[in-house]
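Colleague: Just passing along the structure, written as structure tokens.
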Amino acid sequence: MEPVRDSLRPPRVVLGVCGGIAAYKAVDVCRRLVDAGVHVVPVMTVEATRFVGEVTFSALASEPVQTSLFDESSPIPHTVLGQTADLVVVAPATAQLLARYAGGFSDDLLSATLLATRAPVLVCPAMHTEMWEHPAVQENLATLLRRGVHVLEPEEGRLAGGDVGAGRLADPATIAQRVLELLGRDEVVGTQGDLVGVRVVVSAGGTREPIDPVRFLTNRSSGKQGLALAESAARRGAEVTLVTAAPLVVRPELAARVTVVGVESASDMERAMLAAAAGAQVVVMAAAVADFRPKAPAEHKLAKGDGVPEIVLEPTPDILAALSNARRPGQVLVGFAAETHDVLAHGRAKLERKRVDLLVVNDVSQPGVGFDHDTNAVVILDDAGSSFDIPLTTKSAVADAVFDRVSARLSAHERKTPQP
Ligand code: C5P
């Protein structure tokens, strides 16, 4: 039987830290969890203590660090730690730890605790790309996933030694969020991220331009990328308004942080976006706005017997242009562009024409990219001339990459603007 947790007692989380360069980031995870009211019990491998001092964790966590299976005050520390934990998180988890856990080894305090617990376990791997992609590591992960272990995959980025690739430990804010989600602490989800206190507006979906009361012109946009953007911002702490022309449902644990405004046409979307953007620091136009609409939609349903109608089209309002004209100082404006050829050149020209800070370009001629897929591959262009390549990944990871750039711009603006 699952132990029943006293809801008044703070949740107890064992934070396992392995010996990798990313061990220093576990300090930030620890601090975020303690700030969110979690009782953090740090357990370090002996190798981890070579990267970060035990004193640092002992000072920040809720209890002193434990490293040894043989503790004079507690003869069986691993069973006590395992049985009393509401969750065990390992960050960073090295290839060595994943192998020991998958193989059922228990030769140190952390691996023994992992075997002695029935609480949910979250592992956050971090290692060099070659190691991460090695079949041995991937098979160990598959074994752990099959056994119900939660895995927070590493990100792409700069690794120790200057290499760039997959294997960088997930962001500490994301790890802390995931722990809180797994603990069912929905009320504190979104209180830890780098966008706390920031108002974000995101548009999503393909607009519907009426032909008559029952027919409309639209496009293939599913709104999935817009939803992923809204959820990423909410998870990082933002207050989000999602203006959507597609029927989208926000994940329950984030729903309190996302106000969904349903719209139909480009004109509706323009009105809703201008209203929401007036109080926002970040505006992301991910919607596939129709470029043309019927000039004079029929008031009554067009009947077959009336013959084939001639539909005259006119351009829709350019919402990004209107948002750019109404932009408040310091507001970050992000546009999207679906391209099929000369992607970078078209993207760069569009960034300037649309007067946006960031333009997220996707090459929709590639398999798995863009409309209606759960995956996407993009290049993020910024107005300083830099470009960031995000190879094929989930729309959620693309959303996180966009907000990494947005967040960097917001803090740069804050640094330039002295706060009262
Ligand atoms: O020019 P294009 O339609 O490719 O530009 C795409 C970007 O412009 C997207 O961010 C889209 O949401 C926005 N857009 C807009 N209003 C329109 C058409 C596109 O805001 N009428």
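So you can find residues: chains in the structure tokens are A, B, ... in the order shown, residues in each start at 1, and ligands are numbered from 1 in order.
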Could you please extract the residues within 8 Å of ligand 1, counting only C-alpha atoms and all ligand atoms, and hand them back as a PyMOL selection string?

Modeller: chain A and resi 203-204+266+270+284-292+315-322+334-339+350+354+359

Colleague: Please produce an output containing N, CA and C atoms for each residue in the selection, written as a PDB file, in the first residue's frame.

Modeller:
ATOM      1  N   SER A 203      -0.169  34.205 -29.487  1.00  0.00           N
ATOM      2  CA  SER A 203      -1.296  33.890 -30.377  1.00  0.00           C
ATOM      3  C   SER A 203      -1.058  32.521 -30.990  1.00  0.00           C
ATOM      4  N   ALA A 204      -2.149  31.836 -31.329  1.00  0.00           N
ATOM      5  CA  ALA A 204      -2.015  30.465 -31.846  1.00  0.00           C
ATOM      6  C   ALA A 204      -3.140  30.146 -32.815  1.00  0.00           C
ATOM      7  N   ALA A 266      -9.026  37.134 -38.383  1.00  0.00           N
ATOM      8  CA  ALA A 266      -7.847  37.983 -38.185  1.00  0.00           C
ATOM      9  C   ALA A 266      -8.237  39.280 -37.468  1.00  0.00           C
ATOM     10  N   GLU A 270      -6.714  40.532 -34.036  1.00  0.00           N
ATOM     11  CA  GLU A 270      -6.018  41.824 -33.917  1.00  0.00           C
ATOM     12  C   GLU A 270      -6.529  42.587 -32.694  1.00  0.00           C
ATOM     13  N   VAL A 284       4.171  37.175 -28.464  1.00  0.00           N
ATOM     14  CA  VAL A 284       4.632  36.167 -29.430  1.00  0.00           C
ATOM     15  C   VAL A 284       3.507  35.880 -30.413  1.00  0.00           C
ATOM     16  N   MET A 285       3.741  36.202 -31.693  1.00  0.00           N
ATOM     17  CA  MET A 285       2.726  35.956 -32.736  1.00  0.00           C
ATOM     18  C   MET A 285       3.031  34.624 -33.412  1.00  0.00           C
ATOM     19  N   ALA A 286       2.522  33.544 -32.814  1.00  0.00           N
ATOM     20  CA  ALA A 286       2.758  32.216 -33.410  1.00  0.00           C
ATOM     21  C   ALA A 286       1.584  31.795 -34.285  1.00  0.00           C
ATOM     22  N   ALA A 287       0.515  32.599 -34.314  1.00  0.00           N
ATOM     23  CA  ALA A 287      -0.677  32.212 -35.085  1.00  0.00           C
ATOM     24  C   ALA A 287      -0.388  32.263 -36.581  1.00  0.00           C
ATOM     25  N   ALA A 288      -1.071  31.393 -37.318  1.00  0.00           N
ATOM     26  CA  ALA A 288      -1.024  31.446 -38.787  1.00  0.00           C
ATOM     27  C   ALA A 288      -2.227  32.274 -39.219  1.00  0.00           C
ATOM     28  N   VAL A 289      -1.980  33.571 -39.293  1.00  0.00           N
ATOM     29  CA  VAL A 289      -3.079  34.487 -39.634  1.00  0.00           C
ATOM     30  C   VAL A 289      -3.335  34.399 -41.137  1.00  0.00           C
ATOM     31  N   ALA A 290      -4.602  34.298 -41.515  1.00  0.00           N
ATOM     32  CA  ALA A 290      -4.922  34.266 -42.951  1.00  0.00           C
ATOM     33  C   ALA A 290      -4.426  35.558 -43.586  1.00  0.00           C
ATOM     34  N   ASP A 291      -3.880  35.459 -44.779  1.00  0.00           N
ATOM     35  CA  ASP A 291      -3.416  36.670 -45.455  1.00  0.00           C
ATOM     36  C   ASP A 291      -4.541  37.363 -46.215  1.00  0.00           C
ATOM     37  N   PHE A 292      -5.565  36.571 -46.609  1.00  0.00           N
ATOM     38  CA  PHE A 292      -6.697  37.141 -47.360  1.00  0.00           C
ATOM     39  C   PHE A 292      -8.001  36.703 -46.725  1.00  0.00           C
ATOM     40  N   PRO A 315      -6.910  41.812 -48.445  1.00  0.00           N
ATOM     41  CA  PRO A 315      -5.899  41.459 -47.430  1.00  0.00           C
ATOM     42  C   PRO A 315      -6.453  41.623 -46.015  1.00  0.00           C
ATOM     43  N   THR A 316      -5.968  40.786 -45.117  1.00  0.00           N
ATOM     44  CA  THR A 316      -6.328  40.934 -43.691  1.00  0.00           C
ATOM     45  C   THR A 316      -5.390  41.972 -43.075  1.00  0.00           C
ATOM     46  N   PRO A 317      -5.720  42.487 -41.883  1.00  0.00           N
ATOM     47  CA  PRO A 317      -4.773  43.410 -41.221  1.00  0.00           C
ATOM     48  C   PRO A 317      -3.494  42.659 -40.845  1.00  0.00           C
ATOM     49  N   ASP A 318      -2.345  43.330 -40.930  1.00  0.00           N
ATOM     50  CA  ASP A 318      -1.093  42.718 -40.464  1.00  0.00           C
ATOM     51  C   ASP A 318      -0.996  42.990 -38.960  1.00  0.00           C
ATOM     52  N   ILE A 319      -1.263  41.952 -38.188  1.00  0.00           N
ATOM     53  CA  ILE A 319      -1.349  42.119 -36.724  1.00  0.00           C
ATOM     54  C   ILE A 319       0.019  42.474 -36.144  1.00  0.00           C
ATOM     55  N   LEU A 320       1.070  41.810 -36.673  1.00  0.00           N
ATOM     56  CA  LEU A 320       2.421  42.112 -36.161  1.00  0.00           C
ATOM     57  C   LEU A 320       2.774  43.580 -36.380  1.00  0.00           C
ATOM     58  N   ALA A 321       2.398  44.112 -37.544  1.00  0.00           N
ATOM     59  CA  ALA A 321       2.693  45.523 -37.824  1.00  0.00           C
ATOM     60  C   ALA A 321       1.965  46.404 -36.817  1.00  0.00           C
ATOM     61  N   ALA A 322       0.705  46.066 -36.544  1.00  0.00           N
ATOM     62  CA  ALA A 322      -0.071  46.865 -35.579  1.00  0.00           C
ATOM     63  C   ALA A 322       0.549  46.753 -34.181  1.00  0.00           C
ATOM     64  N   VAL A 334       7.976  38.895 -30.765  1.00  0.00           N
ATOM     65  CA  VAL A 334       8.484  37.710 -31.470  1.00  0.00           C
ATOM     66  C   VAL A 334       7.517  37.334 -32.588  1.00  0.00           C
ATOM     67  N   GLY A 335       8.044  37.154 -33.801  1.00  0.00           N
ATOM     68  CA  GLY A 335       7.228  36.706 -34.927  1.00  0.00           C
ATOM     69  C   GLY A 335       7.620  35.300 -35.350  1.00  0.00           C
ATOM     70  N   PHE A 336       6.767  34.654 -36.100  1.00  0.00           N
ATOM     71  CA  PHE A 336       7.057  33.335 -36.668  1.00  0.00           C
ATOM     72  C   PHE A 336       6.996  33.447 -38.183  1.00  0.00           C
ATOM     73  N   ALA A 337       7.707  32.602 -38.874  1.00  0.00           N
ATOM     74  CA  ALA A 337       7.620  32.598 -40.336  1.00  0.00           C
ATOM     75  C   ALA A 337       7.765  31.175 -40.838  1.00  0.00           C
ATOM     76  N   ALA A 338       6.797  30.741 -41.627  1.00  0.00           N
ATOM     77  CA  ALA A 338       6.897  29.430 -42.271  1.00  0.00           C
ATOM     78  C   ALA A 338       7.423  29.664 -43.668  1.00  0.00           C
ATOM     79  N   GLU A 339       8.550  29.040 -43.994  1.00  0.00           N
ATOM     80  CA  GLU A 339       9.160  29.236 -45.311  1.00  0.00           C
ATOM     81  C   GLU A 339       9.395  27.881 -45.960  1.00  0.00           C
ATOM     82  N   LYS A 350      12.297  39.298 -43.416  1.00  0.00           N
ATOM     83  CA  LYS A 350      11.011  39.441 -42.709  1.00  0.00           C
ATOM     84  C   LYS A 350      11.215  40.054 -41.324  1.00  0.00           C
ATOM     85  N   LYS A 354       9.136  43.275 -40.525  1.00  0.00           N
ATOM     86  CA  LYS A 354       8.103  43.191 -39.473  1.00  0.00           C
ATOM     87  C   LYS A 354       8.524  43.929 -38.199  1.00  0.00           C
ATOM     88  N   LEU A 359      12.721  36.424 -34.715  1.00  0.00           N
ATOM     89  CA  LEU A 359      11.855  35.778 -35.701  1.00  0.00           C
ATOM     90  C   LEU A 359      12.193  34.282 -35.690  1.00  0.00           C
TER      91      LEU A 359
END

Colleague: With DSSP run on the backbone, what are the helix (DSSP H, G or I) residues within range 205-362 of chain A? I'd like them as a PyMOL selection string.

Modeller: chain A and resi 224-235+252-257+266-277+304-306+319-325+343-354

Colleague: Have a look at A:Ile21, A:Ala99, A:Leu302, A:Val80 and name the one nearest to Ile211 in chain A; count only C-alpha atoms.

Modeller: A:Leu302

Colleague: Go through A:Asp372, A:Asp357, A:Glu63, A:Asp71 one by one, measure the shortest atom-to-atom distance of each to Lys224 in chain A using only C-alpha atoms, and give the residue with the smallest value.

Modeller: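 So, comparing all the options, the nearest one is A:Asp372.
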
Colleague: Restricting the calculation to only C-alpha atoms, which member of A:Ser324, A:Thr191, A:Gln66, A:Ser265 is positioned closest to Glu239 in chain A?

Modeller: A:Thr191

Colleague: What's around Thr375 in chain A at 6 Å? Count only C-alpha atoms, leave out sequence neighbours fewer than 3 positions away in its own chain, and write the answer as number ranges by chain.

Modeller: A: 368, 393-395

Colleague: Can you write out the residues you just picked, keeping C-alpha atoms, as a short mmCIF file (atom, residue, chain, number, x, y, z; two decimals), in the first residue's frame?

Modeller:
data_model
loop_
_atom_site.label_atom_id
_atom_site.label_comp_id
_atom_site.auth_asym_id
_atom_site.auth_seq_id
_atom_site.Cartn_x
_atom_site.Cartn_y
_atom_site.Cartn_z
CA GLY A 368 8.21 16.57 -39.23
CA THR A 393 12.75 18.31 -31.53
CA THR A 394 9.43 18.61 -29.67
CA LYS A 395 7.38 21.81 -29.99
#
